[in-house]
Amino acid sequence: MEPIIEVKNLGKKYSIGERERYTALRDILANIIKHPLSWLSNKARGGPQHDFFALTDVSFNVEKGDVLGVIGGNGAGKSTLLKILSQITPPSNGSVTLRGTVGSLLEVGTGFHPELTGRENIYLNGAILGMRKKEIQNKFDQIVAFSGVEQFLDTPVKRYSSGMYVRLAFSVAAHLEPDILIVDEVLAVGDTDFQKKSLGKMEEISHDKGRTVLFVSHNLDSIRKLCNKVVLLEKGKVKRVGTNVDEIIDEYIGAGGSRDHVVEWKNQNEEYKHPKFTPITFSLTDGSGKLIANPIDRKQDVFVDLSVHLEEIDADLIFGYILTDEQGNQLMWSLQSDTKKEEWPTVVKGKNNFRTKLPLHVINEGSYKVELIAGLYYREWFLRPGSSRIALDLHVSGGLSESPFWVSKRPGVVAVVVPWKNK
Amino acid sequence: MEIVIRAKKKWWLSDIKELVRFRDLFYYLTWRDVKVKYKQTVVGVLWALFQPFATMIVFSIFFGKFVGISSEGVPYPVFVYLGLLFWNLFSGSLNEVAGSFVNNERIITKVYFPRIILPVSTIFTNVIDFLVASVMFIVLAIYYQFVPGLTGILLFPLLFLMTVFSTLGIGLLFGSLNVKYRDVRYVLPFFMQLLIFITPVIYPVTIVSEKYRWILGLNPMSGVIATARSAFLGTSPIDWSLLAISFVSMCVYGALGYIFFKKTERYFADVI
């Protein structure tokens, strides 16, 4: 039998310039008028030279009924692969053959409109996910029952609590029945009970009905549980693929540096290059220059170290990091220009080594991403927040407080110790 | 069913099949826009009536009474309302079509569907406004005891489709540009403001000498509005050559817009 998914020599190239949002037409026109010759020669050379390969030469097959897990560290190309398979973005080379109907869940609640009621959103969202009208009508009662928001069906979803919203959104998604289902990490939503329910639903979908599922997750336990085959991606290439799920996952965990515990980024092959900001290394260290080992205790000191090469100095240069939690919430931004101007670190032509201490004393237990951002103040981004591909992992565990009552992760986004007194 | 994804796509054939497959999504997106549009406006449908009606009153007072622009023997309010009817369909949808990709960024980056559904469903919601506003035209015709010409009714489908396809063509071009260059949405309203004065909306096309009238025809709406007036109101014989020029320019804009859209469409999610 022919495989239901055939991926052959797939590659995806991004021009760094392509990622720049909000390019203004008038800037382009002004540039053409100001430097007509350089614009023409740029065109002839084929635009900006800063290419980035998110995927190179990826090939694998999936048989009907397989549940394939896709694993890999940050920036390994998992999301890009899913986006190509879902036809959201085209590959730069290679091909994919899909033999069946495809449904993709890269996010729950895509297209939900706040002004519309729950009932209306079920239909709208169902249609956006690719369901036919008939299909939605038939499954309507099941969807409502699964979500548990019966009483609020005729309330606009803008009045829903975030929990209700997510439950309704997931319920629609869970009733999608294509031949091939592509799922990004959408299971980590809602409260614990609902997460269990969703995971159960995923199991039901993949085992009982013999559907082909492609599943990306950071949660290796659910991959072990659900998948009979895995693809391990590393830096845009397939490192391992096979049905020996446990072995590959163990290898991935064992590889340490290349999985979720990336604490150092190096600019290999000049992946990023800009005369005004070329990062060389970006790392989390203990202050003596030694890389930290995740997970770390909150009482430790952790520093963000950044080496940058500057060919040109621009007075508007800003750079720093964003701290993001597992749910994608941004906890904080820190920029070198946050303080009084006199206190900013000096920048010199050539190599610069910057260092800043992470404010660990406010950070809760959990897994975080430290994302490097840089740009010119109010002019442009070199490394755009949310899509900069340079990110490190930080896992905080223990050392929260001296108090005997503070034993584990605290409720709330941050965890700060402040003294109390009886006046 | 088999889907093959490659860097280059042969797009002419697969398109229509896909549109049929996604017809329910098309229906629900249109339905969403209509619902949201009328839900958020207190006066609901009345707004669709009020807008052209108020414009007509203001134009009638200033251009009809004070400036004394010729309306070729028919009452100026009827004359200008007919022009506004088609003009509003064109300019209203064009603005929305140009923003239709950017406004649906969330869906575009997360789900696959033929992107052309977005502008087309946007035009549909404006067509509903157009139909509501047409009722007012009938009321005006009765009030001024005016019997619309039969040719008008016969030509109406053609004029309507010409308006829709001109909007779609030009809208696809601006909409695709807008994905990459966000300042397009500021340029377009300005452009539309100028365009209403070089389209025979407030004045009859006959004030331009026949020698230069073809220039007006480069704007498809000139042919549409001039023909609508001749046919419905019997103001002057239908200028077929003007209509033909407008028809050809509509086809050119339509083709340009569509080709540009198809060239950029697949990269929307990367760029938006």
# chains A, B, ... in the order shown; residues from 1 in each chain; ligands from 1

$ residues_around --residues "Phe174 in chain B" --least-positions-apart "5" --cutoff "9 Å" --atoms "only C-alpha atoms" --output "PyMOL selection string"
chain B and resi 94+97-99+169+179+184-185+188+257

$ write_last_selection --atoms "all heavy atoms" --output "PDB file, in the first residue's frame"
ATOM      1  N   LEU B  94     -14.301  48.105  -1.990  1.00  0.00           N
ATOM      2  CA  LEU B  94     -12.874  48.164  -2.306  1.00  0.00           C
ATOM      3  C   LEU B  94     -12.047  48.379  -1.035  1.00  0.00           C
ATOM      4  O   LEU B  94     -11.045  47.710  -0.816  1.00  0.00           O
ATOM      5  CB  LEU B  94     -12.605  49.279  -3.320  1.00  0.00           C
ATOM      6  CG  LEU B  94     -11.190  49.307  -3.876  1.00  0.00           C
ATOM      7  CD1 LEU B  94     -10.837  47.982  -4.521  1.00  0.00           C
ATOM      8  CD2 LEU B  94     -11.037  50.417  -4.891  1.00  0.00           C
ATOM      9  N   VAL B  97     -12.180  45.111   0.888  1.00  0.00           N
ATOM     10  CA  VAL B  97     -11.457  44.030   0.222  1.00  0.00           C
ATOM     11  C   VAL B  97      -9.952  44.233   0.397  1.00  0.00           C
ATOM     12  O   VAL B  97      -9.213  43.298   0.677  1.00  0.00           O
ATOM     13  CB  VAL B  97     -11.817  43.968  -1.280  1.00  0.00           C
ATOM     14  CG1 VAL B  97     -10.865  43.066  -2.025  1.00  0.00           C
ATOM     15  CG2 VAL B  97     -13.235  43.482  -1.449  1.00  0.00           C
ATOM     16  N   ALA B  98      -9.520  45.482   0.288  1.00  0.00           N
ATOM     17  CA  ALA B  98      -8.093  45.763   0.413  1.00  0.00           C
ATOM     18  C   ALA B  98      -7.584  45.390   1.803  1.00  0.00           C
ATOM     19  O   ALA B  98      -6.423  45.049   1.975  1.00  0.00           O
ATOM     20  CB  ALA B  98      -7.814  47.224   0.122  1.00  0.00           C
ATOM     21  N   GLY B  99      -8.472  45.432   2.805  1.00  0.00           N
ATOM     22  CA  GLY B  99      -8.038  45.065   4.147  1.00  0.00           C
ATOM     23  C   GLY B  99      -8.372  43.632   4.506  1.00  0.00           C
ATOM     24  O   GLY B  99      -8.058  43.172   5.597  1.00  0.00           O
ATOM     25  N   GLY B 169     -11.018  42.951  -8.811  1.00  0.00           N
ATOM     26  CA  GLY B 169      -9.713  43.052  -9.463  1.00  0.00           C
ATOM     27  C   GLY B 169      -8.812  44.050  -8.767  1.00  0.00           C
ATOM     28  O   GLY B 169      -7.697  43.736  -8.347  1.00  0.00           O
ATOM     29  N   VAL B 179      -0.739  43.268   2.378  1.00  0.00           N
ATOM     30  CA  VAL B 179      -0.160  42.227   3.224  1.00  0.00           C
ATOM     31  C   VAL B 179       1.296  42.562   3.525  1.00  0.00           C
ATOM     32  O   VAL B 179       1.779  42.412   4.632  1.00  0.00           O
ATOM     33  CB  VAL B 179      -0.269  40.858   2.532  1.00  0.00           C
ATOM     34  CG1 VAL B 179       0.543  39.830   3.268  1.00  0.00           C
ATOM     35  CG2 VAL B 179      -1.716  40.437   2.439  1.00  0.00           C
ATOM     36  N   VAL B 184      -0.534  50.843   2.580  1.00  0.00           N
ATOM     37  CA  VAL B 184      -1.503  50.876   1.492  1.00  0.00           C
ATOM     38  C   VAL B 184      -2.883  51.292   1.997  1.00  0.00           C
ATOM     39  O   VAL B 184      -3.602  52.043   1.354  1.00  0.00           O
ATOM     40  CB  VAL B 184      -1.579  49.491   0.804  1.00  0.00           C
ATOM     41  CG1 VAL B 184      -2.753  49.416  -0.146  1.00  0.00           C
ATOM     42  CG2 VAL B 184      -0.288  49.217   0.072  1.00  0.00           C
ATOM     43  N   ARG B 185      -3.225  50.854   3.210  1.00  0.00           N
ATOM     44  CA  ARG B 185      -4.558  51.171   3.702  1.00  0.00           C
ATOM     45  C   ARG B 185      -4.743  52.660   3.997  1.00  0.00           C
ATOM     46  O   ARG B 185      -5.849  53.129   4.128  1.00  0.00           O
ATOM     47  CB  ARG B 185      -4.895  50.329   4.929  1.00  0.00           C
ATOM     48  CG  ARG B 185      -4.023  50.590   6.125  1.00  0.00           C
ATOM     49  CD  ARG B 185      -4.650  50.028   7.363  1.00  0.00           C
ATOM     50  NE  ARG B 185      -4.861  48.583   7.224  1.00  0.00           N
ATOM     51  CZ  ARG B 185      -5.488  47.838   8.091  1.00  0.00           C
ATOM     52  NH1 ARG B 185      -6.010  48.390   9.152  1.00  0.00           N
ATOM     53  NH2 ARG B 185      -5.613  46.545   7.919  1.00  0.00           N
ATOM     54  N   LEU B 188      -5.133  54.268   0.171  1.00  0.00           N
ATOM     55  CA  LEU B 188      -6.344  53.956  -0.586  1.00  0.00           C
ATOM     56  C   LEU B 188      -7.514  54.923  -0.347  1.00  0.00           C
ATOM     57  O   LEU B 188      -8.101  55.407  -1.316  1.00  0.00           O
ATOM     58  CB  LEU B 188      -6.753  52.503  -0.294  1.00  0.00           C
ATOM     59  CG  LEU B 188      -7.791  51.929  -1.257  1.00  0.00           C
ATOM     60  CD1 LEU B 188      -7.292  51.939  -2.680  1.00  0.00           C
ATOM     61  CD2 LEU B 188      -8.179  50.525  -0.839  1.00  0.00           C
ATOM     62  N   GLY B 257      -4.968  42.265 -11.122  1.00  0.00           N
ATOM     63  CA  GLY B 257      -5.189  41.997  -9.697  1.00  0.00           C
ATOM     64  C   GLY B 257      -5.102  40.518  -9.403  1.00  0.00           C
ATOM     65  O   GLY B 257      -4.434  40.094  -8.456  1.00  0.00           O
TER      66      GLY B 257
END

$ interface_residues --of "chain A" --to "chain B" --cutoff "8 Å" --atoms "only C-alpha atoms" --output "PyMOL selection string"
chain A and resi 18-26+83+85-101+104-107+110-111+115-116+123-124+127-130+132-133

$ closest_residue --among "B:Thr206, B:Thr125, B:Ser176, B:Thr167" --to "Asn95 in chain B" --atoms "only C-alpha atoms"
B:Thr167

$ select_by_dssp --residues "range 40-235 of chain B" --states "alpha helix (DSSP H)" --output "PDB file with C-alpha atoms, in the first residue's frame"
ATOM      1  CA  GLN B  40     -22.622  46.133  16.207  1.00  0.00           C
ATOM      2  CA  VAL B  45     -30.174  47.773   8.298  1.00  0.00           C
ATOM      3  CA  LEU B  46     -31.150  51.422   8.565  1.00  0.00           C
ATOM      4  CA  TRP B  47     -27.502  52.363   8.342  1.00  0.00           C
ATOM      5  CA  ALA B  48     -27.280  50.881   4.871  1.00  0.00           C
ATOM      6  CA  LEU B  49     -30.164  53.154   3.885  1.00  0.00           C
ATOM      7  CA  PHE B  50     -29.095  56.217   5.789  1.00  0.00           C
ATOM      8  CA  GLN B  51     -25.593  56.457   4.378  1.00  0.00           C
ATOM      9  CA  PRO B  52     -26.420  56.948   0.678  1.00  0.00           C
ATOM     10  CA  PHE B  53     -29.563  58.880   1.583  1.00  0.00           C
ATOM     11  CA  ALA B  54     -27.701  61.448   3.666  1.00  0.00           C
ATOM     12  CA  THR B  55     -25.005  61.777   1.017  1.00  0.00           C
ATOM     13  CA  MET B  56     -27.689  62.290  -1.589  1.00  0.00           C
ATOM     14  CA  ILE B  57     -29.300  65.089   0.443  1.00  0.00           C
ATOM     15  CA  VAL B  58     -26.000  66.883   0.975  1.00  0.00           C
ATOM     16  CA  PHE B  59     -24.990  66.514  -2.655  1.00  0.00           C
ATOM     17  CA  TYR B  76     -31.045  65.873  -9.186  1.00  0.00           C
ATOM     18  CA  PRO B  77     -31.696  63.643  -6.132  1.00  0.00           C
ATOM     19  CA  VAL B  78     -32.673  60.718  -8.376  1.00  0.00           C
ATOM     20  CA  PHE B  79     -29.784  61.472 -10.665  1.00  0.00           C
ATOM     21  CA  VAL B  80     -27.152  61.553  -7.955  1.00  0.00           C
ATOM     22  CA  TYR B  81     -28.631  58.687  -5.939  1.00  0.00           C
ATOM     23  CA  LEU B  82     -28.317  56.290  -8.844  1.00  0.00           C
ATOM     24  CA  GLY B  83     -24.695  57.277  -9.235  1.00  0.00           C
ATOM     25  CA  LEU B  84     -24.038  56.915  -5.506  1.00  0.00           C
ATOM     26  CA  LEU B  85     -25.671  53.522  -5.417  1.00  0.00           C
ATOM     27  CA  PHE B  86     -23.064  52.005  -7.712  1.00  0.00           C
ATOM     28  CA  TRP B  87     -20.261  54.183  -6.418  1.00  0.00           C
ATOM     29  CA  ASN B  88     -20.834  53.128  -2.817  1.00  0.00           C
ATOM     30  CA  LEU B  89     -20.838  49.475  -3.747  1.00  0.00           C
ATOM     31  CA  PHE B  90     -17.523  50.013  -5.489  1.00  0.00           C
ATOM     32  CA  SER B  91     -15.734  52.231  -2.980  1.00  0.00           C
ATOM     33  CA  GLY B  92     -17.178  50.580   0.133  1.00  0.00           C
ATOM     34  CA  SER B  93     -16.204  47.089  -0.907  1.00  0.00           C
ATOM     35  CA  LEU B  94     -12.874  48.164  -2.306  1.00  0.00           C
ATOM     36  CA  ASN B  95     -11.778  49.547   1.056  1.00  0.00           C
ATOM     37  CA  GLU B  96     -12.851  46.404   2.830  1.00  0.00           C
ATOM     38  CA  VAL B  97     -11.457  44.030   0.222  1.00  0.00           C
ATOM     39  CA  ALA B  98      -8.093  45.763   0.413  1.00  0.00           C
ATOM     40  CA  GLY B  99      -8.038  45.065   4.147  1.00  0.00           C
ATOM     41  CA  SER B 100      -9.567  41.603   3.981  1.00  0.00           C
ATOM     42  CA  PHE B 101      -6.299  39.655   4.167  1.00  0.00           C
ATOM     43  CA  VAL B 102      -4.709  41.713   6.893  1.00  0.00           C
ATOM     44  CA  ASN B 103      -7.899  41.703   8.959  1.00  0.00           C
ATOM     45  CA  GLU B 105      -4.306  37.465   9.659  1.00  0.00           C
ATOM     46  CA  ARG B 106      -5.096  35.013  12.462  1.00  0.00           C
ATOM     47  CA  ILE B 107      -6.906  32.616  10.195  1.00  0.00           C
ATOM     48  CA  ILE B 108      -4.432  32.958   7.359  1.00  0.00           C
ATOM     49  CA  THR B 109      -1.476  31.991   9.506  1.00  0.00           C
ATOM     50  CA  LYS B 110      -3.209  29.011  11.110  1.00  0.00           C
ATOM     51  CA  ILE B 117     -12.738  33.433  -0.290  1.00  0.00           C
ATOM     52  CA  LEU B 118     -11.935  36.387   1.964  1.00  0.00           C
ATOM     53  CA  PRO B 119     -12.274  39.219  -0.568  1.00  0.00           C
ATOM     54  CA  VAL B 120     -15.223  37.598  -2.313  1.00  0.00           C
ATOM     55  CA  SER B 121     -17.170  37.142   0.900  1.00  0.00           C
ATOM     56  CA  THR B 122     -16.372  40.750   1.830  1.00  0.00           C
ATOM     57  CA  ILE B 123     -17.898  41.929  -1.434  1.00  0.00           C
ATOM     58  CA  PHE B 124     -20.992  39.845  -0.731  1.00  0.00           C
ATOM     59  CA  THR B 125     -21.682  41.679   2.497  1.00  0.00           C
ATOM     60  CA  ASN B 126     -21.478  44.947   0.616  1.00  0.00           C
ATOM     61  CA  VAL B 127     -23.847  43.596  -2.003  1.00  0.00           C
ATOM     62  CA  ILE B 128     -26.405  43.208   0.764  1.00  0.00           C
ATOM     63  CA  ASP B 129     -25.996  46.890   1.620  1.00  0.00           C
ATOM     64  CA  PHE B 130     -26.349  47.634  -2.062  1.00  0.00           C
ATOM     65  CA  LEU B 131     -29.616  45.731  -2.306  1.00  0.00           C
ATOM     66  CA  VAL B 132     -30.996  47.497   0.753  1.00  0.00           C
ATOM     67  CA  ALA B 133     -29.983  50.852  -0.702  1.00  0.00           C
ATOM     68  CA  SER B 134     -31.619  49.925  -4.017  1.00  0.00           C
ATOM     69  CA  VAL B 135     -34.959  49.834  -2.240  1.00  0.00           C
ATOM     70  CA  MET B 136     -34.507  53.521  -1.535  1.00  0.00           C
ATOM     71  CA  PHE B 137     -34.004  54.123  -5.238  1.00  0.00           C
ATOM     72  CA  ILE B 138     -37.393  52.595  -5.936  1.00  0.00           C
ATOM     73  CA  VAL B 139     -38.922  54.801  -3.242  1.00  0.00           C
ATOM     74  CA  LEU B 140     -37.318  57.851  -4.835  1.00  0.00           C
ATOM     75  CA  ALA B 141     -38.545  56.849  -8.263  1.00  0.00           C
ATOM     76  CA  ILE B 142     -42.091  56.565  -6.927  1.00  0.00           C
ATOM     77  CA  TYR B 143     -41.827  59.864  -5.063  1.00  0.00           C
ATOM     78  CA  LEU B 150     -36.794  48.844 -19.516  1.00  0.00           C
ATOM     79  CA  THR B 151     -33.245  48.826 -20.919  1.00  0.00           C
ATOM     80  CA  GLY B 152     -32.109  49.765 -17.436  1.00  0.00           C
ATOM     81  CA  ILE B 153     -33.631  46.645 -15.970  1.00  0.00           C
ATOM     82  CA  LEU B 154     -32.153  44.549 -18.767  1.00  0.00           C
ATOM     83  CA  LEU B 155     -28.697  46.048 -18.409  1.00  0.00           C
ATOM     84  CA  PHE B 156     -28.733  45.993 -14.620  1.00  0.00           C
ATOM     85  CA  PRO B 157     -27.128  42.534 -14.204  1.00  0.00           C
ATOM     86  CA  LEU B 158     -24.273  43.527 -16.502  1.00  0.00           C
ATOM     87  CA  LEU B 159     -23.660  46.812 -14.683  1.00  0.00           C
ATOM     88  CA  PHE B 160     -23.833  45.102 -11.332  1.00  0.00           C
ATOM     89  CA  LEU B 161     -21.363  42.396 -12.342  1.00  0.00           C
ATOM     90  CA  MET B 162     -19.026  44.968 -13.844  1.00  0.00           C
ATOM     91  CA  THR B 163     -18.987  46.821 -10.531  1.00  0.00           C
ATOM     92  CA  VAL B 164     -18.322  43.631  -8.596  1.00  0.00           C
ATOM     93  CA  PHE B 165     -15.512  42.431 -10.848  1.00  0.00           C
ATOM     94  CA  SER B 166     -13.838  45.840 -10.982  1.00  0.00           C
ATOM     95  CA  THR B 167     -13.887  45.922  -7.197  1.00  0.00           C
ATOM     96  CA  LEU B 168     -12.512  42.421  -6.968  1.00  0.00           C
ATOM     97  CA  GLY B 169      -9.713  43.052  -9.463  1.00  0.00           C
ATOM     98  CA  ILE B 170      -8.522  46.323  -7.990  1.00  0.00           C
ATOM     99  CA  GLY B 171      -9.186  45.053  -4.467  1.00  0.00           C
ATOM    100  CA  LEU B 172      -7.051  41.934  -4.969  1.00  0.00           C
ATOM    101  CA  LEU B 173      -4.163  44.094  -6.114  1.00  0.00           C
ATOM    102  CA  PHE B 174      -4.361  46.461  -3.155  1.00  0.00           C
ATOM    103  CA  GLY B 175      -5.210  43.673  -0.729  1.00  0.00           C
ATOM    104  CA  SER B 176      -2.134  41.654  -1.706  1.00  0.00           C
ATOM    105  CA  LEU B 177       0.059  44.736  -1.563  1.00  0.00           C
ATOM    106  CA  ASN B 178      -1.373  45.553   1.843  1.00  0.00           C
ATOM    107  CA  VAL B 179      -0.160  42.227   3.224  1.00  0.00           C
ATOM    108  CA  LYS B 180       3.399  43.344   2.715  1.00  0.00           C
ATOM    109  CA  VAL B 184      -1.503  50.876   1.492  1.00  0.00           C
ATOM    110  CA  ARG B 185      -4.558  51.171   3.702  1.00  0.00           C
ATOM    111  CA  TYR B 186      -3.789  54.833   4.323  1.00  0.00           C
ATOM    112  CA  VAL B 187      -3.163  55.548   0.673  1.00  0.00           C
ATOM    113  CA  LEU B 188      -6.344  53.956  -0.586  1.00  0.00           C
ATOM    114  CA  PRO B 189      -8.996  56.184   1.103  1.00  0.00           C
ATOM    115  CA  PHE B 190      -7.214  59.238  -0.222  1.00  0.00           C
ATOM    116  CA  PHE B 191      -7.127  57.733  -3.679  1.00  0.00           C
ATOM    117  CA  MET B 192     -10.851  56.962  -3.459  1.00  0.00           C
ATOM    118  CA  GLN B 193     -11.619  60.524  -2.377  1.00  0.00           C
ATOM    119  CA  LEU B 194      -9.994  61.824  -5.525  1.00  0.00           C
ATOM    120  CA  LEU B 195     -11.568  59.175  -7.677  1.00  0.00           C
ATOM    121  CA  ILE B 196     -15.140  60.156  -6.866  1.00  0.00           C
ATOM    122  CA  PHE B 197     -14.482  63.515  -8.548  1.00  0.00           C
ATOM    123  CA  ARG B 213     -14.456  60.917 -22.604  1.00  0.00           C
ATOM    124  CA  TRP B 214     -12.432  57.736 -23.138  1.00  0.00           C
ATOM    125  CA  ILE B 215     -10.104  58.890 -20.380  1.00  0.00           C
ATOM    126  CA  LEU B 216     -13.009  58.674 -17.943  1.00  0.00           C
ATOM    127  CA  GLY B 217     -13.691  55.217 -19.325  1.00  0.00           C
ATOM    128  CA  PRO B 220     -14.691  51.129 -15.067  1.00  0.00           C
ATOM    129  CA  MET B 221     -17.169  52.901 -12.809  1.00  0.00           C
ATOM    130  CA  SER B 222     -17.545  55.760 -15.306  1.00  0.00           C
ATOM    131  CA  GLY B 223     -18.991  53.438 -17.911  1.00  0.00           C
ATOM    132  CA  VAL B 224     -21.186  51.722 -15.342  1.00  0.00           C
ATOM    133  CA  ILE B 225     -22.664  54.900 -13.868  1.00  0.00           C
ATOM    134  CA  ALA B 226     -23.097  56.719 -17.184  1.00  0.00           C
ATOM    135  CA  THR B 227     -24.825  53.694 -18.701  1.00  0.00           C
ATOM    136  CA  ALA B 228     -27.015  53.186 -15.634  1.00  0.00           C
ATOM    137  CA  ARG B 229     -28.241  56.766 -15.934  1.00  0.00           C
ATOM    138  CA  SER B 230     -28.885  56.589 -19.641  1.00  0.00           C
ATOM    139  CA  ALA B 231     -30.666  53.285 -19.311  1.00  0.00           C
ATOM    140  CA  PHE B 232     -32.704  53.882 -16.149  1.00  0.00           C
ATOM    141  CA  LEU B 233     -33.385  57.606 -16.438  1.00  0.00           C
TER     142      LEU B 233
END

$ closest_residue --among "A:Thr243, A:Ser222, A:Thr212, A:Thr339" --to "Gly65 in chain A" --atoms "only C-alpha atoms"
A:Thr212

$ residues_around --residues "Phe146 in chain A" --least-positions-apart "2" --cutoff "12 Å" --atoms "only C-alpha atoms" --output "CSV table (one decimal) with N, CA, C and O atoms, in the first residue's frame"
chain,number,residue,atom,x,y,z
A,139,LYS,N,-22.8,16.9,14.4
A,139,LYS,CA,-22.0,16.7,15.6
A,139,LYS,C,-22.2,17.8,16.7
A,139,LYS,O,-21.6,17.8,17.7
A,140,PHE,N,-23.2,18.7,16.3
A,140,PHE,CA,-23.4,19.9,17.2
A,140,PHE,C,-23.6,19.5,18.7
A,140,PHE,O,-22.9,20.0,19.5
A,141,ASP,N,-24.5,18.5,18.9
A,141,ASP,CA,-24.8,18.2,20.3
A,141,ASP,C,-23.6,17.6,21.0
A,141,ASP,O,-23.4,17.8,22.2
A,142,GLN,N,-22.9,16.7,20.3
A,142,GLN,CA,-21.7,16.1,20.9
A,142,GLN,C,-20.7,17.2,21.3
A,142,GLN,O,-20.1,17.2,22.3
A,143,ILE,N,-20.5,18.2,20.4
A,143,ILE,CA,-19.6,19.2,20.6
A,143,ILE,C,-19.9,20.0,21.9
A,143,ILE,O,-19.1,20.2,22.8
A,144,VAL,N,-21.2,20.3,22.0
A,144,VAL,CA,-21.7,21.1,23.1
A,144,VAL,C,-21.6,20.3,24.4
A,144,VAL,O,-21.1,20.8,25.4
A,148,GLY,N,-19.2,21.4,27.7
A,148,GLY,CA,-19.8,21.7,29.0
A,148,GLY,C,-20.2,23.2,29.2
A,148,GLY,O,-20.2,23.7,30.3
A,149,VAL,N,-20.5,23.8,28.1
A,149,VAL,CA,-20.9,25.2,28.2
A,149,VAL,C,-22.4,25.4,27.7
A,149,VAL,O,-22.7,26.5,27.3
A,150,GLU,N,-23.2,24.4,27.9
A,150,GLU,CA,-24.6,24.4,27.4
A,150,GLU,C,-25.3,25.7,27.7
A,150,GLU,O,-26.0,26.3,26.9
A,164,MET,N,-13.8,28.7,29.7
A,164,MET,CA,-14.9,28.3,28.9
A,164,MET,C,-14.6,28.4,27.4
A,164,MET,O,-14.9,27.6,26.6
A,166,VAL,N,-11.7,28.3,25.9
A,166,VAL,CA,-10.8,27.3,25.4
A,166,VAL,C,-11.5,25.9,25.3
A,166,VAL,O,-11.3,25.2,24.4
A,167,ARG,N,-12.4,25.6,26.3
A,167,ARG,CA,-13.1,24.4,26.2
A,167,ARG,C,-14.0,24.2,25.0
A,167,ARG,O,-14.0,23.2,24.3
A,168,LEU,N,-14.7,25.3,24.7
A,168,LEU,CA,-15.5,25.3,23.5
A,168,LEU,C,-14.7,25.1,22.3
A,168,LEU,O,-15.0,24.3,21.4
A,169,ALA,N,-13.6,25.9,22.2
A,169,ALA,CA,-12.7,25.9,21.0
A,169,ALA,C,-12.2,24.5,20.8
A,169,ALA,O,-12.2,23.9,19.7
A,170,PHE,N,-11.7,23.9,21.9
A,170,PHE,CA,-11.1,22.5,21.8
A,170,PHE,C,-12.2,21.5,21.4
A,170,PHE,O,-11.9,20.6,20.6
A,171,SER,N,-13.4,21.7,21.9
A,171,SER,CA,-14.4,20.7,21.6
A,171,SER,C,-14.7,20.7,20.1
A,171,SER,O,-15.0,19.6,19.5
A,172,VAL,N,-14.8,21.9,19.5
A,172,VAL,CA,-15.0,21.9,18.0
A,172,VAL,C,-13.9,21.2,17.3
A,172,VAL,O,-14.1,20.3,16.5
A,173,ALA,N,-12.6,21.5,17.7
A,173,ALA,CA,-11.5,20.9,17.1
A,173,ALA,C,-11.4,19.4,17.3
A,173,ALA,O,-11.1,18.7,16.3
A,174,ALA,N,-11.8,18.9,18.4
A,174,ALA,CA,-11.8,17.5,18.7
A,174,ALA,C,-12.7,16.7,17.9
A,174,ALA,O,-12.6,15.5,17.7
A,175,HIS,N,-13.7,17.3,17.3
A,175,HIS,CA,-14.7,16.6,16.5
A,175,HIS,C,-14.4,16.7,15.0
A,175,HIS,O,-15.2,16.3,14.2
A,194,PHE,N,-9.6,19.2,32.3
A,194,PHE,CA,-9.9,19.3,30.9
A,194,PHE,C,-8.8,18.8,30.0
A,194,PHE,O,-9.0,18.2,29.0
A,197,LYS,N,-9.1,15.2,29.8
A,197,LYS,CA,-10.2,14.8,28.9
A,197,LYS,C,-9.7,15.0,27.5
A,197,LYS,O,-10.0,14.1,26.6
A,198,SER,N,-9.0,16.0,27.2
A,198,SER,CA,-8.5,16.3,25.8
A,198,SER,C,-7.6,15.2,25.4
A,198,SER,O,-7.6,14.7,24.3
A,200,GLY,N,-7.4,12.2,26.5
A,200,GLY,CA,-8.2,11.0,26.3
A,200,GLY,C,-8.9,11.0,24.9
A,200,GLY,O,-8.9,10.0,24.2
A,201,LYS,N,-9.4,12.2,24.5
A,201,LYS,CA,-10.0,12.3,23.2
A,201,LYS,C,-9.0,12.1,22.1
A,201,LYS,O,-9.2,11.4,21.1

$ select_by_dssp --residues "range 83-286 of chain A" --states "strand (DSSP E or B)" --output "VMD selection string"
chain A and resid 93 to 98 102 to 105 117 156 180 to 183 212 to 216 229 to 234 237 to 242 264 to 266 278 to 285

$ atom_distance --atom1 "CA of Pro419 in chain A" --atom2 "CA of Glu365 in chain A"
19.9 Å

$ residues_around --residues "range 239-242 of chain A" --least-positions-apart "2" --cutoff "12 Å" --atoms "only C-alpha atoms" --output "PyMOL selection string"
chain A and resi 55-63+66-73+76-77+227-237+244-252+255+258

$ residues_around --residues "range 319-326 of chain A" --least-positions-apart "3" --cutoff "7 Å" --atoms "only C-alpha atoms" --output "JSON, numbers by chain"
{"A": [329, 330, 331, 332, 333, 334, 335, 336, 367, 368, 369, 370, 371, 372, 373, 374, 375]}

$ closest_residue --among "B:Gly234, B:Ser249, B:Phe261, B:Ala255" --to "Gly73 in chain B" --atoms "only C-alpha atoms"
B:Gly234

$ residues_around --residues "Val304 in chain A" --least-positions-apart "2" --cutoff "8 Å" --atoms "only C-alpha atoms" --output "list of chain:residue names"
A:Phe282, A:Ser283, A:Leu284, A:Thr285, A:Val302, A:Leu306, A:Arg355, A:Thr356, A:Lys357, A:Leu358
